[in-house]
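Participant: What follows is data.tsv, made up of TSV, C-alpha atoms:
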chain	number	residue	atom	x	y	z
E	1	MET	CA	-19.87	-10.79	1.77
E	2	ALA	CA	-17.15	-9.83	-0.71
E	3	ASP	CA	-13.49	-10.53	-0.01
E	4	ILE	CA	-10.87	-8.00	-1.10
E	5	ASP	CA	-7.22	-8.96	-1.38
E	6	TYR	CA	-5.31	-5.70	-1.03
E	7	TYR	CA	-1.79	-5.81	-2.47
E	8	PHE	CA	0.44	-2.82	-1.76
E	9	SER	CA	3.88	-1.50	-0.96
E	10	THR	CA	4.53	0.58	2.14
E	11	LEU	CA	6.70	2.82	-0.06
E	12	SER	CA	4.09	3.58	-2.72
E	13	PRO	CA	2.97	7.22	-2.95
E	14	PHE	CA	-0.16	6.20	-4.83
E	15	THR	CA	-1.06	3.81	-2.02
E	16	TYR	CA	-0.60	6.72	0.37
E	17	LEU	CA	-2.96	8.83	-1.74
E	18	ALA	CA	-5.63	6.14	-1.35
E	19	GLY	CA	-5.87	7.25	2.28
E	20	THR	CA	-8.39	5.10	4.14
E	21	ARG	CA	-10.96	5.10	1.33
E	22	LEU	CA	-10.67	1.34	0.85
E	23	GLU	CA	-11.65	0.78	4.46
E	24	GLU	CA	-14.60	3.17	4.12
E	25	ILE	CA	-15.79	1.41	0.96
E	26	ALA	CA	-15.37	-2.04	2.49
E	27	ALA	CA	-17.32	-1.01	5.60
E	28	ARG	CA	-20.13	0.42	3.47
E	29	HIS	CA	-20.54	-2.85	1.59
E	30	GLY	CA	-19.70	-5.27	4.39
E	31	ALA	CA	-16.61	-6.52	2.55
E	32	ARG	CA	-13.62	-8.18	4.21
E	33	VAL	CA	-10.12	-6.88	3.44
E	34	THR	CA	-6.98	-9.00	3.59
E	35	TYR	CA	-3.86	-6.84	3.66
E	36	LYS	CA	-1.01	-8.23	1.59
E	37	PRO	CA	2.10	-6.02	1.70
E	38	MET	CA	4.64	-7.08	-0.91
E	39	ASP	CA	8.07	-6.33	-2.35
E	40	ILE	CA	7.19	-3.92	-5.17
E	41	MET	CA	10.68	-3.81	-6.69
E	42	THR	CA	10.76	-7.56	-7.17
E	43	LEU	CA	7.20	-7.45	-8.46
E	44	PHE	CA	8.22	-4.88	-11.10
E	45	ALA	CA	11.14	-7.07	-12.18
E	46	ARG	CA	8.87	-10.09	-12.56
E	47	THR	CA	5.91	-8.41	-14.27
E	48	GLY	CA	7.52	-6.04	-16.76
E	49	GLY	CA	7.59	-2.92	-14.61
E	50	VAL	CA	10.46	-0.46	-14.53
E	51	ALA	CA	12.15	0.72	-11.34
E	52	LEU	CA	11.90	4.47	-10.73
E	53	PRO	CA	15.60	5.28	-11.39
E	54	ASP	CA	15.38	3.51	-14.77
E	55	ARG	CA	12.27	5.29	-16.08
E	56	HIS	CA	12.34	7.76	-18.95
E	57	PRO	CA	12.32	11.44	-17.88
E	58	ALA	CA	8.91	11.91	-19.51
E	59	ARG	CA	7.43	9.23	-17.24
E	60	LEU	CA	9.14	10.69	-14.18
E	61	ALA	CA	7.79	14.17	-14.96
E	62	TYR	CA	4.27	12.83	-15.42
E	63	ARG	CA	4.50	10.89	-12.15
E	64	LEU	CA	5.30	14.11	-10.27
E	65	GLN	CA	2.28	15.82	-11.86
E	66	GLU	CA	0.10	12.90	-10.80
E	67	LEU	CA	1.39	13.14	-7.24
E	68	ARG	CA	0.62	16.86	-7.10
E	69	ARG	CA	-2.85	16.37	-8.57
E	70	GLY	CA	-3.55	13.43	-6.29
E	71	SER	CA	-2.54	15.45	-3.26
E	72	LYS	CA	-4.91	18.27	-4.22
E	73	LYS	CA	-7.81	15.93	-4.96
E	74	THR	CA	-7.48	13.95	-1.74
E	75	GLY	CA	-6.35	16.75	0.56
E	76	LEU	CA	-3.39	14.64	1.66
E	77	PRO	CA	-0.11	16.56	1.84
E	78	ILE	CA	2.76	14.93	-0.01
E	79	THR	CA	6.51	15.36	-0.22
E	80	GLU	CA	7.41	14.57	-3.81
E	81	ARG	CA	10.95	13.43	-2.99
E	82	PRO	CA	10.89	12.25	0.63
E	83	MET	CA	14.10	12.01	2.59
E	84	PHE	CA	13.68	8.33	3.46
E	85	CYS	CA	12.45	6.85	0.22
E	86	PRO	CA	13.62	4.44	-0.91
E	87	THR	CA	14.23	2.60	2.35
E	88	ASN	CA	13.81	-1.01	3.40
E	89	PRO	CA	10.05	-1.74	3.29
E	90	ALA	CA	10.34	-5.16	4.95
E	91	PRO	CA	10.18	-4.11	8.65
E	92	SER	CA	7.00	-2.05	8.17
E	93	SER	CA	5.47	-4.82	6.07
E	94	TYR	CA	6.29	-7.41	8.73
E	95	ALA	CA	4.60	-5.22	11.35
E	96	ILE	CA	1.43	-5.03	9.25
E	97	ILE	CA	1.39	-8.80	8.76
E	98	THR	CA	1.93	-9.42	12.48
E	99	ALA	CA	-0.70	-6.83	13.47
E	100	GLN	CA	-3.23	-8.39	11.10
E	101	LYS	CA	-2.76	-11.73	12.83
E	102	ALA	CA	-2.87	-10.17	16.31
E	103	GLY	CA	-6.00	-8.07	15.70
E	104	GLY	CA	-7.39	-5.56	18.12
E	105	GLY	CA	-6.33	-2.36	16.41
E	106	ASN	CA	-7.06	-0.23	13.38
E	107	LEU	CA	-5.25	-2.03	10.56
E	108	GLY	CA	-6.23	0.45	7.86
E	109	GLY	CA	-5.01	3.25	10.09
E	110	LEU	CA	-1.73	1.42	10.64
E	111	VAL	CA	-1.13	1.05	6.90
E	112	HIS	CA	-1.99	4.67	6.20
E	113	GLY	CA	0.07	5.82	9.19
E	114	LEU	CA	3.17	4.10	7.87
E	115	LEU	CA	2.62	5.55	4.40
E	116	SER	CA	2.05	9.00	5.91
E	117	ALA	CA	5.31	8.65	7.82
E	118	VAL	CA	7.14	8.33	4.49
E	119	TRP	CA	5.22	10.75	2.28
E	120	ALA	CA	4.12	13.46	4.68
E	121	GLU	CA	6.31	13.29	7.79
E	122	GLU	CA	9.83	12.60	6.45
E	123	LYS	CA	10.32	9.55	8.68
E	124	ASN	CA	12.17	6.30	8.02
E	125	ILE	CA	9.76	3.37	8.24
E	126	ALA	CA	12.67	0.94	8.38
E	127	GLU	CA	13.34	2.16	11.93
E	128	SER	CA	11.78	0.28	14.83
E	129	ASP	CA	10.91	3.44	16.79
E	130	VAL	CA	8.88	4.81	13.87
E	131	ILE	CA	7.01	1.53	13.40
E	132	ARG	CA	6.34	1.18	17.13
E	133	ALA	CA	4.88	4.69	17.31
E	134	VAL	CA	2.49	4.04	14.41
E	135	LEU	CA	1.46	0.68	15.87
E	136	GLU	CA	0.66	2.30	19.22
E	137	ALA	CA	-1.20	5.21	17.60
E	138	ASN	CA	-3.52	2.70	15.94
E	139	GLY	CA	-4.31	0.60	18.98
E	140	PHE	CA	-1.72	-2.17	18.60
E	141	ASP	CA	0.93	-3.35	21.02
E	142	PRO	CA	4.09	-1.52	19.87
E	143	ASP	CA	6.10	-4.65	20.70
E	144	LEU	CA	4.57	-6.24	17.59
E	145	ALA	CA	7.32	-4.39	15.70
E	146	ASP	CA	9.78	-6.98	17.01
E	147	LYS	CA	7.61	-10.12	17.19
E	148	GLY	CA	6.93	-12.94	14.76
E	149	MET	CA	9.46	-11.67	12.27
E	150	LEU	CA	10.32	-15.06	10.77
E	151	THR	CA	6.68	-15.93	10.19
E	152	ALA	CA	6.03	-12.44	8.82
E	153	ALA	CA	9.02	-12.70	6.49
E	154	GLU	CA	7.66	-15.96	5.11
E	155	GLU	CA	4.24	-14.41	4.53
E	156	TYR	CA	5.79	-11.33	2.92
E	157	ALA	CA	7.55	-13.60	0.42
E	158	ARG	CA	4.33	-15.57	-0.11
E	159	ASN	CA	2.40	-12.34	-0.76
E	160	LEU	CA	4.76	-11.62	-3.65
E	161	GLU	CA	4.19	-15.05	-5.15
E	162	ASP	CA	0.43	-14.66	-4.69
E	163	ALA	CA	0.62	-11.26	-6.39
E	164	VAL	CA	2.46	-12.62	-9.42
E	165	SER	CA	0.01	-15.54	-9.67
E	166	ALA	CA	-2.94	-13.13	-9.45
E	167	ASN	CA	-1.58	-10.86	-12.23
E	168	VAL	CA	-0.83	-7.99	-9.86
E	169	PHE	CA	1.69	-5.54	-11.30
E	170	GLY	CA	1.51	-2.37	-9.19
E	171	SER	CA	0.47	-0.74	-5.93
E	172	PRO	CA	-2.21	-0.32	-4.75
E	173	PHE	CA	-3.95	-3.29	-6.32
E	174	TYR	CA	-7.34	-4.63	-5.23
E	175	ILE	CA	-8.82	-8.03	-6.15
E	176	VAL	CA	-12.45	-8.76	-5.34
E	177	ASP	CA	-13.40	-12.41	-4.77
E	178	GLY	CA	-10.30	-13.57	-6.61
E	179	ALA	CA	-11.57	-12.27	-9.94
E	180	GLU	CA	-12.28	-8.56	-10.46
E	181	THR	CA	-9.13	-6.43	-10.36
E	182	PHE	CA	-8.59	-2.71	-9.77
E	183	TRP	CA	-5.20	-0.98	-10.03
E	184	GLY	CA	-4.53	2.38	-8.47
E	185	HIS	CA	-6.03	4.72	-5.90
E	186	ASP	CA	-7.92	6.40	-8.74
E	187	ARG	CA	-9.93	3.18	-9.31
E	188	LEU	CA	-11.46	3.10	-5.85
E	189	ASP	CA	-14.66	4.67	-7.17
E	190	ASP	CA	-14.90	1.79	-9.65
E	191	LEU	CA	-14.33	-0.69	-6.84
E	192	ASP	CA	-17.13	0.98	-4.90
E	193	LEU	CA	-19.48	0.74	-7.88
E	194	HIS	CA	-18.56	-2.91	-8.42
E	195	LEU	CA	-19.36	-3.81	-4.83
E	196	ALA	CA	-22.67	-2.00	-5.23
E	197	GLY	CA	-23.47	-4.16	-8.27
E	198	LYS	CA	-23.36	-1.20	-10.64
E	199	LEU	CA	-20.17	-2.02	-12.53
As structure tokens, how would this structure be written, given the file I've shared?
Facilitator:
Amino acid sequence: MADIDYYFSTLSPFTYLAGTRLEEIAARHGARVTYKPMDIMTLFARTGGVALPDRHPARLAYRLQELRRGSKKTGLPITERPMFCPTNPAPSSYAIITAQKAGGGNLGGLVHGLLSAVWAEEKNIAESDVIRAVLEANGFDPDLADKGMLTAAEEYARNLEDAVSANVFGSPFYIVDGAETFWGHDRLDDLDLHLAGKL
């Protein structure tokens, strides 16, 4: 059984455009997924990335084209400049970490639900009420939004260190069995082929 470490930011539009395809691919191949939300801005600073406000206009224009194309290809609606982005990604990340430990719900649905809240629903995922609603919609106790925050904060920080050590530099980023890496929602087909032994 393959193990997939899934590094991502709950503010990443490209992670949103991945939808739940990772979960579908993992289920098809019997792979296990470990969800590792991380602080993408600090990751950029430590791995040579450039924060969105500091990017050249040509890169910003291309990013918007990619978002539009990605939305059409996946059928996922997207707001190119959402009202609540950027916002503090830590509370939503803590909820994912706590839910992963608690079990019993749809973790992939939770991740996608939080991303959808940002990129399709104009909601602020730093707000407890938003997080609680997405937790409940995916079969988790909504009170997880306010539980285990110290432990979750420690794991969130550790996920960043793990990401840097594993040569992660963006979101979404998938690592199979600690070795084979795939960056971006548009590499999920390659991940699928790799798990099938064809790539």
Participant: Just checking: using only C-alpha atoms, which residue out of E:Leu76, E:Ile96, E:Ala153, E:Ala51 ends up closest to Glu121 of chain E?
Facilitator: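 Smallest separation from Glu121 of chain E among the options: E:Leu76.
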Participant: Could you tell me which of E:Tyr156, E:Trp119, E:Tyr62, E:Tyr35 comes closest to Ala90 of chain E if we count all atoms listed in the file?
Facilitator: E:Tyr156
Participant: What does the distance between atom CA of Ser165 of chain E and atom CA of Gly178 of chain E come to in Å, to one decimal place?
Facilitator: 10.9 Å
Participant: Hey, which of E:Lys101, E:Arg46, E:Arg21, E:His112 ends up closest to Asp189 of chain E? Count all atoms listed in the file.
Facilitator: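 Distance minimum relative to Asp189 of chain E lands on E:Arg21.
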Participant: Find the distance between atom CA of Thr79 of chain E and atom CA of Phe140 of chain E and write it in Å to one decimal.
Facilitator: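 Between these atoms lies a distance of 27.0 Å.
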Participant: Nearest residue to Ala95 of chain E out of E:Glu66, E:Glu122, E:Asp146, E:Asp5, using all atoms listed in the file?
Facilitator: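 Among E:Glu66, E:Glu122, E:Asp146, E:Asp5, it is E:Asp146 that comes nearest to Ala95 of chain E.
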Participant: Give me, as a count of residues only, all polymer residues having an atom no more than 10 Å from Gly148 of chain E, counting all atoms listed in the file and skipping those fewer than 3 positions away in the same chain.
Facilitator: 11
Participant: If we count all atoms listed in the file, what is near Ile40 of chain E at a cut-off of 12 Å, once residues fewer than 4 positions away on the same chain are taken out, given as an NGL selection string?
Facilitator: :E and (7-12 or 15 or 36 or 44-52 or 86 or 88-90 or 93 or 156-157 or 159-161 or 163-164 or 168-173)
Participant: Expressed in Å to a single decimal, how great is the separation between atom CA of Ile78 of chain E and atom CA of Ala120 of chain E?
Facilitator: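 According to the coordinates, atom CA of Ile78 of chain E and atom CA of Ala120 of chain E are separated by 5.1 Å.
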Participant: Taking 6 positions as the minimum chain separation for residues in the same chain, which residues sit within 9 Å of Gly109 of chain E when counting all atoms listed in the file? Answer as a list in words.
Facilitator: Gly19, Thr20, Val134, Ala137 and Asn138 of chain E
Participant: What's the 9 Å shell around Met1 of chain E, counting all atoms listed in the file, without same-chain residues fewer than 5 positions away, as a PyMOL selection string?
Facilitator: chain E and resi 29-32
Participant: Nearest residue to Asp143 of chain E out of E:Ala61, E:Val176, E:Leu199, E:Ala102, using only C-alpha atoms?
Facilitator: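 Checking each of E:Ala61, E:Val176, E:Leu199, E:Ala102 against Asp143 of chain E, counting only C-alpha atoms, the winner is E:Ala102.
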Participant: Pick from E:Leu17, E:Leu43, E:Met149, E:His56: nearest to Lys72 of chain E, with only C-alpha atoms counted?
Facilitator: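 Smallest separation from Lys72 of chain E among the options: E:Leu17.
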Participant: Can you tell me, as JSON, numbers by chain, what residues are no more than 8 Å from Asn124 of chain E when counting all atoms listed in the file, ignoring any on the same chain fewer than 3 positions away?
Facilitator: {"E": [84, 85, 87, 117, 118, 127, 130]}
Participant: Write segment 45-56 of chain E as a short mmCIF file (atom, residue, chain, number, x, y, z; two decimals), keeping the file's coordinate frame, completed to all heavy atoms.
Facilitator:
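Saved result, selection13.cif, follows:
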data_model
loop_
_atom_site.label_atom_id
_atom_site.label_comp_id
_atom_site.auth_asym_id
_atom_site.auth_seq_id
_atom_site.Cartn_x
_atom_site.Cartn_y
_atom_site.Cartn_z
N ALA E 45 10.18 -6.28 -11.40
CA ALA E 45 11.14 -7.07 -12.18
C ALA E 45 10.49 -8.30 -12.78
O ALA E 45 10.85 -8.74 -13.88
CB ALA E 45 12.31 -7.47 -11.29
N ARG E 46 9.48 -8.85 -12.09
CA ARG E 46 8.87 -10.09 -12.56
C ARG E 46 7.65 -9.88 -13.44
O ARG E 46 7.14 -10.83 -14.04
CB ARG E 46 8.52 -10.97 -11.35
CG ARG E 46 9.77 -11.48 -10.65
CD ARG E 46 9.46 -12.34 -9.46
NE ARG E 46 8.67 -13.50 -9.80
CZ ARG E 46 8.24 -14.38 -8.90
NH1 ARG E 46 8.55 -14.21 -7.62
NH2 ARG E 46 7.52 -15.42 -9.26
N THR E 47 7.15 -8.64 -13.50
CA THR E 47 5.91 -8.41 -14.27
C THR E 47 6.07 -7.33 -15.34
O THR E 47 5.08 -6.81 -15.85
CB THR E 47 4.76 -8.03 -13.32
OG1 THR E 47 5.10 -6.83 -12.61
CG2 THR E 47 4.45 -9.14 -12.33
N GLY E 48 7.30 -6.98 -15.67
CA GLY E 48 7.52 -6.04 -16.76
C GLY E 48 7.53 -4.58 -16.35
O GLY E 48 7.54 -3.71 -17.22
N GLY E 49 7.52 -4.30 -15.06
CA GLY E 49 7.59 -2.92 -14.61
C GLY E 49 9.01 -2.40 -14.65
O GLY E 49 9.97 -3.16 -14.82
N VAL E 50 9.15 -1.09 -14.49
CA VAL E 50 10.46 -0.46 -14.53
C VAL E 50 10.68 0.29 -13.21
O VAL E 50 9.83 1.08 -12.78
CB VAL E 50 10.57 0.53 -15.71
CG1 VAL E 50 11.92 1.23 -15.72
CG2 VAL E 50 10.33 -0.20 -17.03
N ALA E 51 11.82 0.03 -12.58
CA ALA E 51 12.15 0.72 -11.34
C ALA E 51 12.27 2.22 -11.59
O ALA E 51 12.67 2.65 -12.68
CB ALA E 51 13.46 0.18 -10.77
N LEU E 52 11.94 3.01 -10.58
CA LEU E 52 11.90 4.47 -10.73
C LEU E 52 13.19 5.05 -11.32
O LEU E 52 13.12 5.86 -12.26
CB LEU E 52 11.58 5.11 -9.38
CG LEU E 52 11.04 6.53 -9.40
CD1 LEU E 52 9.72 6.62 -10.16
CD2 LEU E 52 10.86 7.05 -7.98
N PRO E 53 14.38 4.67 -10.85
CA PRO E 53 15.60 5.28 -11.39
C PRO E 53 15.82 4.97 -12.88
O PRO E 53 16.58 5.68 -13.54
CB PRO E 53 16.72 4.66 -10.54
CG PRO E 53 16.04 4.15 -9.31
CD PRO E 53 14.67 3.75 -9.74
N ASP E 54 15.16 3.93 -13.38
CA ASP E 54 15.38 3.51 -14.77
C ASP E 54 14.30 4.02 -15.73
O ASP E 54 14.34 3.72 -16.92
CB ASP E 54 15.42 1.98 -14.85
CG ASP E 54 16.53 1.39 -13.99
OD1 ASP E 54 17.60 2.04 -13.91
OD2 ASP E 54 16.33 0.32 -13.39
N ARG E 55 13.36 4.81 -15.23
CA ARG E 55 12.27 5.29 -16.08
C ARG E 55 12.70 6.49 -16.92
O ARG E 55 13.56 7.28 -16.51
CB ARG E 55 11.05 5.65 -15.24
CG ARG E 55 10.42 4.44 -14.59
CD ARG E 55 9.22 4.80 -13.74
NE ARG E 55 8.83 3.65 -12.93
CZ ARG E 55 7.91 3.69 -11.97
NH1 ARG E 55 7.27 4.82 -11.71
NH2 ARG E 55 7.63 2.61 -11.28
N HIS E 56 12.08 6.63 -18.05
CA HIS E 56 12.34 7.76 -18.95
C HIS E 56 11.94 9.06 -18.26
O HIS E 56 10.97 9.10 -17.49
CB HIS E 56 11.53 7.57 -20.24
CG HIS E 56 11.87 8.55 -21.31
ND1 HIS E 56 11.34 9.83 -21.35
CD2 HIS E 56 12.70 8.45 -22.38
CE1 HIS E 56 11.81 10.47 -22.40
NE2 HIS E 56 12.64 9.65 -23.04
#
